[in-house]
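File shown here: target.txt, holding compact mmCIF, C-alpha atoms.
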# COMPACT_ATOMS: atom_id res chain seq x y z
CA THR A 39 4.49 -27.50 -8.37
CA SER A 40 3.46 -24.51 -6.29
CA GLY A 41 0.59 -24.26 -8.73
CA ASN A 42 1.28 -22.08 -11.76
CA THR A 43 3.32 -24.61 -13.75
CA GLY A 44 0.86 -27.29 -12.66
CA ILE A 45 -2.10 -25.29 -13.96
CA ALA A 46 -0.37 -24.92 -17.34
CA VAL A 47 0.45 -28.65 -17.45
CA ALA A 48 -3.14 -29.53 -16.51
CA MET A 49 -4.43 -27.31 -19.34
CA VAL A 50 -2.22 -29.06 -21.90
CA CYS A 51 -3.16 -32.51 -20.58
CA ALA A 52 -6.86 -31.62 -20.84
CA GLN A 53 -6.40 -30.50 -24.45
CA ARG A 54 -4.42 -33.60 -25.46
CA GLY A 55 -6.28 -36.21 -23.45
CA TYR A 56 -3.45 -37.13 -21.05
CA ASP A 57 -4.02 -38.21 -17.48
CA CYS A 58 -2.42 -35.64 -15.17
CA VAL A 59 -1.28 -36.05 -11.56
CA ILE A 60 0.08 -33.01 -9.70
CA CYS A 61 1.97 -33.06 -6.40
CA MET A 62 1.70 -29.83 -4.43
CA ALA A 63 2.81 -28.95 -0.89
CA GLU A 64 0.10 -28.16 1.65
CA PRO A 65 0.78 -24.39 2.16
CA PHE A 66 0.00 -23.38 -1.42
CA SER A 67 -3.41 -21.85 -1.99
CA VAL A 68 -6.49 -24.04 -2.29
CA GLU A 69 -7.55 -22.02 -5.35
CA ARG A 70 -4.67 -23.63 -7.23
CA ARG A 71 -5.81 -27.13 -6.23
CA ARG A 72 -9.35 -26.41 -7.37
CA LEU A 73 -8.24 -24.90 -10.67
CA MET A 74 -6.14 -27.96 -11.50
CA ARG A 75 -8.93 -30.32 -10.49
CA MET A 76 -11.34 -28.26 -12.61
CA LEU A 77 -8.97 -28.92 -15.51
CA GLY A 78 -9.21 -32.66 -14.87
CA ALA A 79 -5.98 -33.21 -12.94
CA LYS A 80 -5.56 -35.28 -9.77
CA VAL A 81 -3.87 -33.20 -7.06
CA ILE A 82 -1.83 -34.99 -4.41
CA VAL A 83 -1.23 -32.69 -1.43
CA THR A 84 2.00 -33.30 0.51
CA PRO A 85 2.72 -32.31 4.15
CA LYS A 86 3.82 -28.75 4.92
CA ALA A 87 6.84 -30.02 6.85
CA GLY A 88 8.17 -31.68 3.71
CA LYS A 89 8.38 -28.30 1.92
CA GLY A 90 9.16 -28.18 -1.80
CA THR A 91 11.57 -31.11 -1.71
CA GLY A 92 8.78 -33.26 -0.25
CA MET A 93 6.42 -32.67 -3.16
CA VAL A 94 9.29 -33.39 -5.57
CA ARG A 95 10.08 -36.67 -3.77
CA LYS A 96 6.41 -37.70 -3.91
CA ALA A 97 6.23 -37.03 -7.64
CA GLU A 98 9.41 -39.07 -8.16
CA GLU A 99 7.99 -41.96 -6.12
CA LEU A 100 4.73 -42.01 -8.06
CA CYS A 101 6.50 -41.90 -11.42
CA ALA A 102 8.94 -44.65 -10.41
CA LYS A 103 6.12 -46.91 -9.22
CA ASN A 104 3.74 -46.34 -12.14
CA GLY A 105 6.05 -45.62 -15.06
CA TRP A 106 4.62 -42.12 -15.48
CA PHE A 107 6.38 -39.20 -17.19
CA LEU A 108 7.94 -36.72 -14.73
CA CYS A 109 8.04 -33.12 -16.00
CA HIS A 110 11.24 -32.27 -14.06
CA GLN A 111 10.51 -28.57 -14.59
CA PHE A 112 13.17 -27.64 -12.02
CA GLU A 113 15.84 -29.56 -13.98
CA ASN A 114 14.53 -29.81 -17.55
CA GLU A 115 16.58 -27.66 -19.95
CA ALA A 116 13.54 -27.39 -22.23
CA ASN A 117 12.21 -24.97 -19.59
CA TRP A 118 14.79 -22.23 -20.06
CA LYS A 119 15.38 -22.95 -23.76
CA PHE A 120 11.74 -22.22 -24.55
CA HIS A 121 11.99 -18.86 -22.77
CA GLU A 122 15.16 -18.11 -24.73
CA ALA A 123 13.31 -18.84 -27.98
CA THR A 124 10.02 -17.08 -27.13
CA THR A 125 9.75 -14.87 -24.03
CA GLY A 126 13.10 -13.14 -24.45
CA PRO A 127 12.70 -12.27 -28.15
CA GLU A 128 9.11 -11.12 -27.51
CA ILE A 129 10.38 -8.64 -24.91
CA VAL A 130 13.16 -7.38 -27.19
CA ASN A 131 10.83 -7.04 -30.19
CA ASP A 132 8.10 -5.27 -28.24
CA PHE A 133 10.47 -2.60 -26.95
CA LYS A 134 12.02 -2.21 -30.39
CA ALA A 135 8.58 -1.79 -31.97
CA GLY A 136 7.68 0.76 -29.28
CA GLY A 137 10.79 2.79 -29.97
CA LYS A 138 12.15 2.38 -26.44
CA LYS A 139 15.44 0.93 -25.27
CA LEU A 140 15.04 -1.44 -22.33
CA THR A 141 17.60 -0.57 -19.64
CA HIS A 142 16.49 -2.78 -16.72
CA TRP A 143 14.64 -6.09 -16.41
CA VAL A 144 13.48 -7.14 -12.94
CA THR A 145 12.35 -10.71 -12.24
CA GLY A 146 12.04 -13.25 -9.46
CA TYR A 147 12.51 -16.99 -9.83
CA GLY A 148 10.47 -20.13 -9.29
CA THR A 149 12.10 -22.71 -11.49
CA GLY A 150 14.51 -20.12 -12.87
CA GLY A 151 13.46 -20.78 -16.46
CA THR A 152 12.30 -17.25 -17.28
CA PHE A 153 15.42 -15.63 -15.81
CA HIS A 154 17.80 -18.10 -17.47
CA GLY A 155 16.22 -18.29 -20.92
CA ALA A 156 14.75 -14.83 -21.41
CA GLY A 157 17.83 -13.37 -19.72
CA LYS A 158 20.11 -14.95 -22.32
CA ALA A 159 18.02 -13.58 -25.19
CA ILE A 160 17.81 -10.09 -23.67
CA LYS A 161 21.55 -9.91 -22.96
CA ALA A 162 22.35 -11.14 -26.48
CA ALA A 163 20.24 -8.37 -28.03
CA LEU A 164 20.76 -5.69 -25.37
CA PRO A 165 24.10 -6.34 -23.62
CA ASP A 166 23.85 -3.10 -21.61
CA CYS A 167 20.45 -4.01 -20.12
CA LYS A 168 20.73 -4.56 -16.36
CA ILE A 169 19.05 -7.73 -15.10
CA VAL A 170 17.93 -7.66 -11.48
CA LEU A 171 17.05 -11.01 -9.90
CA ALA A 172 14.82 -10.89 -6.84
CA GLU A 173 14.32 -13.47 -4.11
CA PRO A 174 12.46 -13.42 -0.78
CA GLU A 175 14.40 -11.73 2.01
CA ALA A 176 13.38 -14.57 4.34
CA ALA A 177 14.72 -17.22 1.97
CA GLY A 178 17.95 -15.83 0.58
CA LEU A 179 19.21 -19.02 -1.04
CA LEU A 180 21.32 -17.28 -3.67
CA ALA A 181 22.37 -14.61 -1.19
CA SER A 182 23.75 -17.30 1.13
CA GLY A 183 26.27 -18.51 -1.42
CA VAL A 184 25.57 -22.09 -0.33
CA PRO A 185 25.00 -24.46 -3.28
CA THR A 186 22.23 -27.06 -3.43
CA GLU A 187 23.48 -30.63 -3.22
CA ARG A 188 22.02 -32.65 -6.11
CA ASN A 189 21.10 -36.18 -7.07
CA ALA A 190 22.29 -37.64 -10.36
CA ASP A 191 19.20 -36.29 -12.16
CA GLY A 192 19.80 -32.77 -10.86
CA SER A 193 17.02 -32.83 -8.28
CA PRO A 194 17.84 -31.57 -4.77
CA VAL A 195 19.13 -34.04 -2.17
CA ALA A 196 17.64 -32.05 0.72
CA SER A 197 16.16 -28.73 1.78
CA HIS A 198 18.51 -25.73 1.52
CA PRO A 199 19.84 -24.53 4.92
CA ALA A 200 19.04 -20.88 4.12
CA PHE A 201 15.38 -21.54 3.37
CA ALA A 202 12.65 -20.18 5.64
CA ALA A 203 8.93 -19.96 5.01
CA HIS A 204 7.89 -16.88 3.02
CA PRO A 205 4.57 -15.59 1.65
CA ILE A 206 5.66 -15.20 -1.99
CA GLN A 207 4.03 -18.32 -3.40
CA GLY A 208 5.61 -19.63 -6.57
CA TRP A 209 8.99 -18.04 -5.82
CA THR A 210 12.08 -19.69 -4.36
CA PRO A 211 11.34 -23.26 -3.30
CA ASP A 212 13.48 -24.74 -0.51
CA PHE A 213 16.26 -25.52 -2.99
CA ILE A 214 18.07 -23.79 -5.84
CA PRO A 215 16.60 -25.28 -9.05
CA LYS A 216 19.10 -26.76 -11.49
CA VAL A 217 17.51 -24.69 -14.27
CA LEU A 218 18.57 -21.59 -12.32
CA ASP A 219 21.90 -23.02 -11.23
CA ASP A 220 22.85 -23.77 -14.84
CA ALA A 221 22.43 -20.12 -15.83
CA PRO A 222 25.66 -18.18 -16.45
CA MET A 223 25.15 -15.91 -13.44
CA ALA A 224 28.22 -13.76 -14.08
CA ASP A 225 26.87 -12.88 -17.52
CA LEU A 226 23.17 -12.53 -16.67
CA MET A 227 22.67 -11.21 -13.14
CA ASP A 228 23.72 -7.62 -12.50
CA GLU A 229 22.08 -7.38 -9.08
CA LEU A 230 20.44 -9.68 -6.52
CA PHE A 231 17.58 -7.96 -4.74
CA PRO A 232 15.94 -9.19 -1.48
CA ILE A 233 12.16 -8.73 -1.20
CA PRO A 234 10.49 -8.37 2.23
CA GLY A 235 7.37 -10.51 2.28
CA ASP A 236 5.16 -7.76 3.68
CA SER A 237 6.34 -5.37 0.97
CA ALA A 238 5.38 -7.88 -1.73
CA VAL A 239 1.87 -8.20 -0.24
CA ALA A 240 1.51 -4.43 0.20
CA THR A 241 2.62 -3.72 -3.38
CA ALA A 242 0.20 -6.30 -4.79
CA LYS A 243 -2.63 -4.59 -2.87
CA ALA A 244 -1.53 -1.17 -4.13
CA LEU A 245 -1.44 -2.42 -7.74
CA ALA A 246 -5.04 -3.57 -7.38
CA ALA A 247 -6.41 -0.49 -5.58
CA LYS A 248 -4.48 2.19 -7.48
CA GLU A 249 -3.82 0.69 -10.93
CA GLY A 250 -6.59 -1.88 -11.40
CA LEU A 251 -4.01 -4.65 -11.80
CA LEU A 252 -5.04 -7.78 -9.89
CA THR A 253 -1.80 -9.71 -9.52
CA GLY A 254 -0.44 -12.27 -7.08
CA ILE A 255 2.03 -11.82 -4.24
CA SER A 256 4.93 -12.64 -6.57
CA GLY A 257 3.73 -9.91 -8.93
CA GLY A 258 3.78 -7.54 -5.97
CA GLY A 259 7.32 -8.66 -5.16
CA THR A 260 8.50 -8.05 -8.70
CA MET A 261 6.85 -4.62 -8.83
CA TYR A 262 8.34 -3.69 -5.45
CA ALA A 263 11.81 -4.47 -6.79
CA ALA A 264 11.11 -2.44 -9.94
CA LEU A 265 9.94 0.55 -7.91
CA GLU A 266 13.02 0.38 -5.71
CA MET A 267 15.23 0.15 -8.80
CA ALA A 268 13.46 3.17 -10.28
CA LYS A 269 14.48 5.23 -7.25
CA LYS A 270 18.17 4.80 -8.04
CA ALA A 271 18.24 4.22 -11.81
CA PRO A 272 19.39 7.09 -14.03
CA LYS A 273 16.73 9.46 -15.34
CA GLY A 274 15.22 8.13 -18.56
CA SER A 275 15.69 4.48 -17.61
CA VAL A 276 13.13 2.00 -18.95
CA ILE A 277 12.35 -0.78 -16.47
CA LEU A 278 10.39 -3.95 -17.24
CA ALA A 279 8.56 -5.85 -14.50
CA MET A 280 6.47 -8.84 -15.64
CA LEU A 281 3.39 -9.79 -13.60
CA PRO A 282 2.46 -13.25 -14.94
CA ASP A 283 0.01 -14.23 -12.20
CA THR A 284 -3.51 -13.32 -11.10
CA GLY A 285 -4.76 -12.33 -7.67
CA GLU A 286 -7.74 -14.68 -8.04
CA ARG A 287 -5.42 -17.56 -7.11
CA TYR A 288 -4.78 -15.97 -3.69
CA LEU A 289 -8.23 -15.52 -2.14
CA SER A 290 -7.35 -17.85 0.75
CA THR A 291 -3.88 -16.37 1.39
CA PRO A 292 -2.56 -13.40 3.42
CA LEU A 293 -3.08 -11.20 0.33
CA PHE A 294 -6.83 -11.17 1.05
CA ALA A 295 -6.67 -11.61 4.84
CA ASP A 296 -7.98 -8.13 5.61
CA ILE A 297 -10.48 -7.98 2.72
CA PRO A 298 -13.92 -8.65 4.28
CA ALA A 299 -16.71 -10.57 2.57
CA ASP A 300 -19.44 -8.67 4.42
CA MET A 301 -20.36 -4.99 4.08
CA ASN A 302 -18.38 -2.58 6.25
CA ASP A 303 -19.84 0.49 7.97
CA GLU A 304 -19.35 2.74 4.96
CA GLU A 305 -21.02 0.23 2.65
CA LEU A 306 -23.91 -0.24 5.07
CA SER A 307 -24.36 3.53 5.19
CA ILE A 308 -24.57 3.63 1.38
CA ALA A 309 -27.04 0.72 1.41
CA LYS A 310 -29.27 2.57 3.88
CA SER A 311 -29.14 5.83 1.90
CA THR A 312 -31.98 4.68 -0.39
CA PRO A 313 -35.06 2.82 0.86
CA SER A 314 -35.24 -0.33 -1.30
CA PHE A 315 -33.39 -3.64 -1.32
CA GLN A 316 -31.54 -3.38 1.95
CA LEU A 317 -29.71 -6.32 3.55
CA ILE A 318 -28.78 -5.04 7.00
CA PRO A 319 -27.34 -7.49 9.58
CA GLY A 320 -29.86 -8.30 12.32
CA GLN A 321 -32.78 -6.92 10.36
CA GLU A 322 -35.33 -8.40 7.99
CA PRO A 323 -34.31 -7.97 4.33
CA VAL A 324 -36.05 -5.03 2.66
CA LEU A 325 -37.16 -5.38 -0.96
CA ALA A 326 -39.44 -2.58 -2.08
CA ALA A 327 -39.74 0.51 0.12

Rewritten as structure tokens:
Amino acid sequence: TSGNTGIAVAMVCAQRGYDCVICMAEPFSVERRRLMRMLGAKVIVTPKAGKGTGMVRKAEELCAKNGWFLCHQFENEANWKFHEATTGPEIVNDFKAGGKKLTHWVTGYGTGGTFHGAGKAIKAALPDCKIVLAEPEAAGLLASGVPTERNADGSPVASHPAFAAHPIQGWTPDFIPKVLDDAPMADLMDELFPIPGDSAVATAKALAAKEGLLTGISGGGTMYAALEMAKKAPKGSVILAMLPDTGERYLSTPLFADIPADMNDEELSIAKSTPSFQLIPGQEPVLAA
């Protein structure tokens, strides 16, 4: 896992008393590792060079050796079927209750389960709703038109030739997941939208600073696609962008790279503007004036 599915699995295992072992590739944020370990899971970190297929291979090896259950979230049809039964109807019902007709749904993909399952439910209820699927511009796997070669269990044989490293953690591993591949693309996807990595980061920062919404880089990517769609959609369109992640999982990533921990000049000026309780670099701390 890149982390989010793993965190959910670790939560369930903690509640039910299962032992949980997670395999996660080295580049994903350390906050994710710590969250899963906090939830009682063991986290096995795999080398960066192995990419997503490497962490999948490691999980397969460990399960084969020890007789453990493998979640297979990239191949397991229970993934998308649950979204078809829950997420999709929830979206449809919420818009119906709000008296609005959903015209566009914008989403990225990790495993592809949300797009596949919720997409089926949305299209069944709202056949005119446009579904826009986003993927990183640097890793245009679907855009390439090149299929992923699969093993008998549906897992990828090797890394996809169109994959390149991108900052949108949780999106687009280095293979096209079977859960996504099994989706009826001609019926579900109305548009494929490439997301520049820097635009995803910038939009996530803007959501935090201007809207008070602390989301991850993938949330920024989804919102960027929604904003771009809004520029060309007909007046009166209703666009849904789901932001199912939190920025607190990204403190060690490029999302926070230019956010300092220490006070800047403006903050120091405010601190000095009253006499008490000053902590100025290079000076003795001041308590009472």

Ranking A:Ser307, A:Ser67, A:Ala196, A:Met261 by minimum distance to Leu293 (chain A) and counting all atoms listed in the file, which one comes first?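 Using all atoms listed in the file, Leu293 (chain A) sits closest to A:Ser67.
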
With distances taken over all atoms listed in the file, which residue among A:Pro65, A:Gly155, A:Gly105, A:Gly208 lies nearest Gly88 (chain A)?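 Under the stated criterion, the closest residue is A:Pro65.
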
Dump as a ChimeraX atom specification all residues having an atom at most 12 Å from (-4.9, -37.7, -18.8), computed in the file's coordinates with only C-alpha atoms. /A:47-60,75,77-80,106-107

Please save C-alpha atoms of the selected residues as a PDB file, keeping the file's coordinate frame.
ATOM      1  CA  VAL A  47       0.450 -28.650 -17.450  1.00  0.00           C
ATOM      2  CA  ALA A  48      -3.140 -29.530 -16.510  1.00  0.00           C
ATOM      3  CA  MET A  49      -4.430 -27.310 -19.340  1.00  0.00           C
ATOM      4  CA  VAL A  50      -2.220 -29.060 -21.900  1.00  0.00           C
ATOM      5  CA  CYS A  51      -3.160 -32.510 -20.580  1.00  0.00           C
ATOM      6  CA  ALA A  52      -6.860 -31.620 -20.840  1.00  0.00           C
ATOM      7  CA  GLN A  53      -6.400 -30.500 -24.450  1.00  0.00           C
ATOM      8  CA  ARG A  54      -4.420 -33.600 -25.460  1.00  0.00           C
ATOM      9  CA  GLY A  55      -6.280 -36.210 -23.450  1.00  0.00           C
ATOM     10  CA  TYR A  56      -3.450 -37.130 -21.050  1.00  0.00           C
ATOM     11  CA  ASP A  57      -4.020 -38.210 -17.480  1.00  0.00           C
ATOM     12  CA  CYS A  58      -2.420 -35.640 -15.170  1.00  0.00           C
ATOM     13  CA  VAL A  59      -1.280 -36.050 -11.560  1.00  0.00           C
ATOM     14  CA  ILE A  60       0.080 -33.010  -9.700  1.00  0.00           C
ATOM     15  CA  ARG A  75      -8.930 -30.320 -10.490  1.00  0.00           C
ATOM     16  CA  LEU A  77      -8.970 -28.920 -15.510  1.00  0.00           C
ATOM     17  CA  GLY A  78      -9.210 -32.660 -14.870  1.00  0.00           C
ATOM     18  CA  ALA A  79      -5.980 -33.210 -12.940  1.00  0.00           C
ATOM     19  CA  LYS A  80      -5.560 -35.280  -9.770  1.00  0.00           C
ATOM     20  CA  TRP A 106       4.620 -42.120 -15.480  1.00  0.00           C
ATOM     21  CA  PHE A 107       6.380 -39.200 -17.190  1.00  0.00           C
TER      22      PHE A 107
END

Hey, which of A:Trp118, A:Trp143, A:Phe66, A:Phe315 ends up closest to Ala271 (chain A)? Count all atoms listed in the file. A:Trp143

Just want the 8 Å neighbourhood of Pro205 (chain A), counted on only C-alpha atoms, with same-chain residues fewer than 5 positions away dropped. Output as JSON, numbers by chain. {"A": [235, 255, 292]}

List the spatial neighbours of region 145-149 of chain A as a VMD selection string - criterion: any atom at most 7 Å away, all atoms listed in the file, same-chain residues fewer than 3 positions off excluded. chain A and resid 111 to 112 153 170 to 173 208 to 211 215 217 to 218 260 279

Nearest to Ala87 (chain A) by atom-to-atom distance, counting only C-alpha atoms, from A:Leu108, A:Glu64, A:Pro174, A:Leu179: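 Closest candidate: A:Glu64.
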
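Computed from the coordinates, the CA of Ala202 (chain A) to CA of Asp236 (chain A) distance equals 14.6 Å.
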
Calculated over all atoms listed in the file, which of the candidates A:Ala176, A:Phe201, A:Gly192, A:Val68 has the smallest distance to Pro234 (chain A)?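 With all atoms listed in the file as the atom set, the closest residue is A:Ala176.
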
Could I get region 161-172 of chain A from the block written out with all heavy atoms, as a PDB file, in the first residue's frame?
ATOM      1  N   LYS A 161     -23.436   6.380 -12.817  1.00  0.00           N
ATOM      2  CA  LYS A 161     -23.917   6.303 -14.205  1.00  0.00           C
ATOM      3  C   LYS A 161     -25.281   5.615 -14.289  1.00  0.00           C
ATOM      4  O   LYS A 161     -26.117   5.974 -15.132  1.00  0.00           O
ATOM      5  CB  LYS A 161     -22.900   5.560 -15.077  1.00  0.00           C
ATOM      6  CG  LYS A 161     -21.698   6.397 -15.491  1.00  0.00           C
ATOM      7  CD  LYS A 161     -22.074   7.452 -16.520  1.00  0.00           C
ATOM      8  CE  LYS A 161     -20.839   8.115 -17.126  1.00  0.00           C
ATOM      9  NZ  LYS A 161     -21.194   9.164 -18.108  1.00  0.00           N
ATOM     10  N   ALA A 162     -25.517   4.633 -13.428  1.00  0.00           N
ATOM     11  CA  ALA A 162     -26.812   3.946 -13.430  1.00  0.00           C
ATOM     12  C   ALA A 162     -27.935   4.895 -13.023  1.00  0.00           C
ATOM     13  O   ALA A 162     -29.040   4.843 -13.577  1.00  0.00           O
ATOM     14  CB  ALA A 162     -26.773   2.745 -12.487  1.00  0.00           C
ATOM     15  N   ALA A 163     -27.660   5.769 -12.053  1.00  0.00           N
ATOM     16  CA  ALA A 163     -28.672   6.701 -11.566  1.00  0.00           C
ATOM     17  C   ALA A 163     -28.721   7.995 -12.361  1.00  0.00           C
ATOM     18  O   ALA A 163     -29.795   8.593 -12.532  1.00  0.00           O
ATOM     19  CB  ALA A 163     -28.415   7.017 -10.093  1.00  0.00           C
ATOM     20  N   LEU A 164     -27.541   8.418 -12.844  1.00  0.00           N
ATOM     21  CA  LEU A 164     -27.416   9.695 -13.558  1.00  0.00           C
ATOM     22  C   LEU A 164     -26.613   9.477 -14.838  1.00  0.00           C
ATOM     23  O   LEU A 164     -25.434   9.834 -14.922  1.00  0.00           O
ATOM     24  CB  LEU A 164     -26.721  10.736 -12.669  1.00  0.00           C
ATOM     25  CG  LEU A 164     -27.373  11.049 -11.319  1.00  0.00           C
ATOM     26  CD1 LEU A 164     -26.407  11.829 -10.442  1.00  0.00           C
ATOM     27  CD2 LEU A 164     -28.665  11.835 -11.537  1.00  0.00           C
ATOM     28  N   PRO A 165     -27.230   8.889 -15.863  1.00  0.00           N
ATOM     29  CA  PRO A 165     -26.479   8.523 -17.070  1.00  0.00           C
ATOM     30  C   PRO A 165     -25.851   9.703 -17.802  1.00  0.00           C
ATOM     31  O   PRO A 165     -24.876   9.527 -18.538  1.00  0.00           O
ATOM     32  CB  PRO A 165     -27.526   7.822 -17.946  1.00  0.00           C
ATOM     33  CG  PRO A 165     -28.845   8.182 -17.364  1.00  0.00           C
ATOM     34  CD  PRO A 165     -28.633   8.443 -15.922  1.00  0.00           C
ATOM     35  N   ASP A 166     -26.366  10.918 -17.575  1.00  0.00           N
ATOM     36  CA  ASP A 166     -25.809  12.093 -18.254  1.00  0.00           C
ATOM     37  C   ASP A 166     -24.646  12.720 -17.488  1.00  0.00           C
ATOM     38  O   ASP A 166     -24.008  13.653 -17.991  1.00  0.00           O
ATOM     39  CB  ASP A 166     -26.897  13.148 -18.465  1.00  0.00           C
ATOM     40  CG  ASP A 166     -27.979  12.683 -19.430  1.00  0.00           C
ATOM     41  OD1 ASP A 166     -27.668  11.858 -20.309  1.00  0.00           O
ATOM     42  OD2 ASP A 166     -29.129  13.137 -19.280  1.00  0.00           O
ATOM     43  N   CYS A 167     -24.379  12.244 -16.284  1.00  0.00           N
ATOM     44  CA  CYS A 167     -23.268  12.782 -15.491  1.00  0.00           C
ATOM     45  C   CYS A 167     -21.936  12.441 -16.166  1.00  0.00           C
ATOM     46  O   CYS A 167     -21.686  11.294 -16.534  1.00  0.00           O
ATOM     47  CB  CYS A 167     -23.296  12.206 -14.082  1.00  0.00           C
ATOM     48  SG  CYS A 167     -21.958  12.788 -13.014  1.00  0.00           S
ATOM     49  N   LYS A 168     -21.091  13.445 -16.328  1.00  0.00           N
ATOM     50  CA  LYS A 168     -19.782  13.251 -16.945  1.00  0.00           C
ATOM     51  C   LYS A 168     -18.767  12.828 -15.879  1.00  0.00           C
ATOM     52  O   LYS A 168     -18.642  13.507 -14.853  1.00  0.00           O
ATOM     53  CB  LYS A 168     -19.292  14.537 -17.619  1.00  0.00           C
ATOM     54  CG  LYS A 168     -20.261  15.115 -18.651  1.00  0.00           C
ATOM     55  CD  LYS A 168     -20.451  14.186 -19.826  1.00  0.00           C
ATOM     56  CE  LYS A 168     -21.344  14.812 -20.885  1.00  0.00           C
ATOM     57  NZ  LYS A 168     -21.678  13.858 -21.965  1.00  0.00           N
ATOM     58  N   ILE A 169     -18.077  11.729 -16.115  1.00  0.00           N
ATOM     59  CA  ILE A 169     -17.051  11.273 -15.175  1.00  0.00           C
ATOM     60  C   ILE A 169     -15.674  11.563 -15.764  1.00  0.00           C
ATOM     61  O   ILE A 169     -15.360  11.125 -16.882  1.00  0.00           O
ATOM     62  CB  ILE A 169     -17.206   9.775 -14.861  1.00  0.00           C
ATOM     63  CG1 ILE A 169     -18.556   9.513 -14.176  1.00  0.00           C
ATOM     64  CG2 ILE A 169     -16.059   9.298 -13.962  1.00  0.00           C
ATOM     65  CD1 ILE A 169     -18.802   8.068 -13.806  1.00  0.00           C
ATOM     66  N   VAL A 170     -14.903  12.330 -15.019  1.00  0.00           N
ATOM     67  CA  VAL A 170     -13.561  12.717 -15.448  1.00  0.00           C
ATOM     68  C   VAL A 170     -12.558  11.971 -14.573  1.00  0.00           C
ATOM     69  O   VAL A 170     -12.567  12.107 -13.346  1.00  0.00           O
ATOM     70  CB  VAL A 170     -13.359  14.241 -15.309  1.00  0.00           C
ATOM     71  CG1 VAL A 170     -11.953  14.638 -15.760  1.00  0.00           C
ATOM     72  CG2 VAL A 170     -14.421  14.989 -16.105  1.00  0.00           C
ATOM     73  N   LEU A 171     -11.708  11.180 -15.199  1.00  0.00           N
ATOM     74  CA  LEU A 171     -10.688  10.415 -14.480  1.00  0.00           C
ATOM     75  C   LEU A 171      -9.341  11.098 -14.641  1.00  0.00           C
ATOM     76  O   LEU A 171      -8.913  11.379 -15.769  1.00  0.00           O
ATOM     77  CB  LEU A 171     -10.627   8.983 -15.013  1.00  0.00           C
ATOM     78  CG  LEU A 171      -9.675   8.022 -14.293  1.00  0.00           C
ATOM     79  CD1 LEU A 171     -10.053   7.876 -12.827  1.00  0.00           C
ATOM     80  CD2 LEU A 171      -9.662   6.658 -14.980  1.00  0.00           C
ATOM     81  N   ALA A 172      -8.704  11.389 -13.523  1.00  0.00           N
ATOM     82  CA  ALA A 172      -7.420  12.100 -13.552  1.00  0.00           C
ATOM     83  C   ALA A 172      -6.276  11.150 -13.227  1.00  0.00           C
ATOM     84  O   ALA A 172      -6.435  10.200 -12.456  1.00  0.00           O
ATOM     85  CB  ALA A 172      -7.443  13.253 -12.547  1.00  0.00           C
TER      86      ALA A 172
END
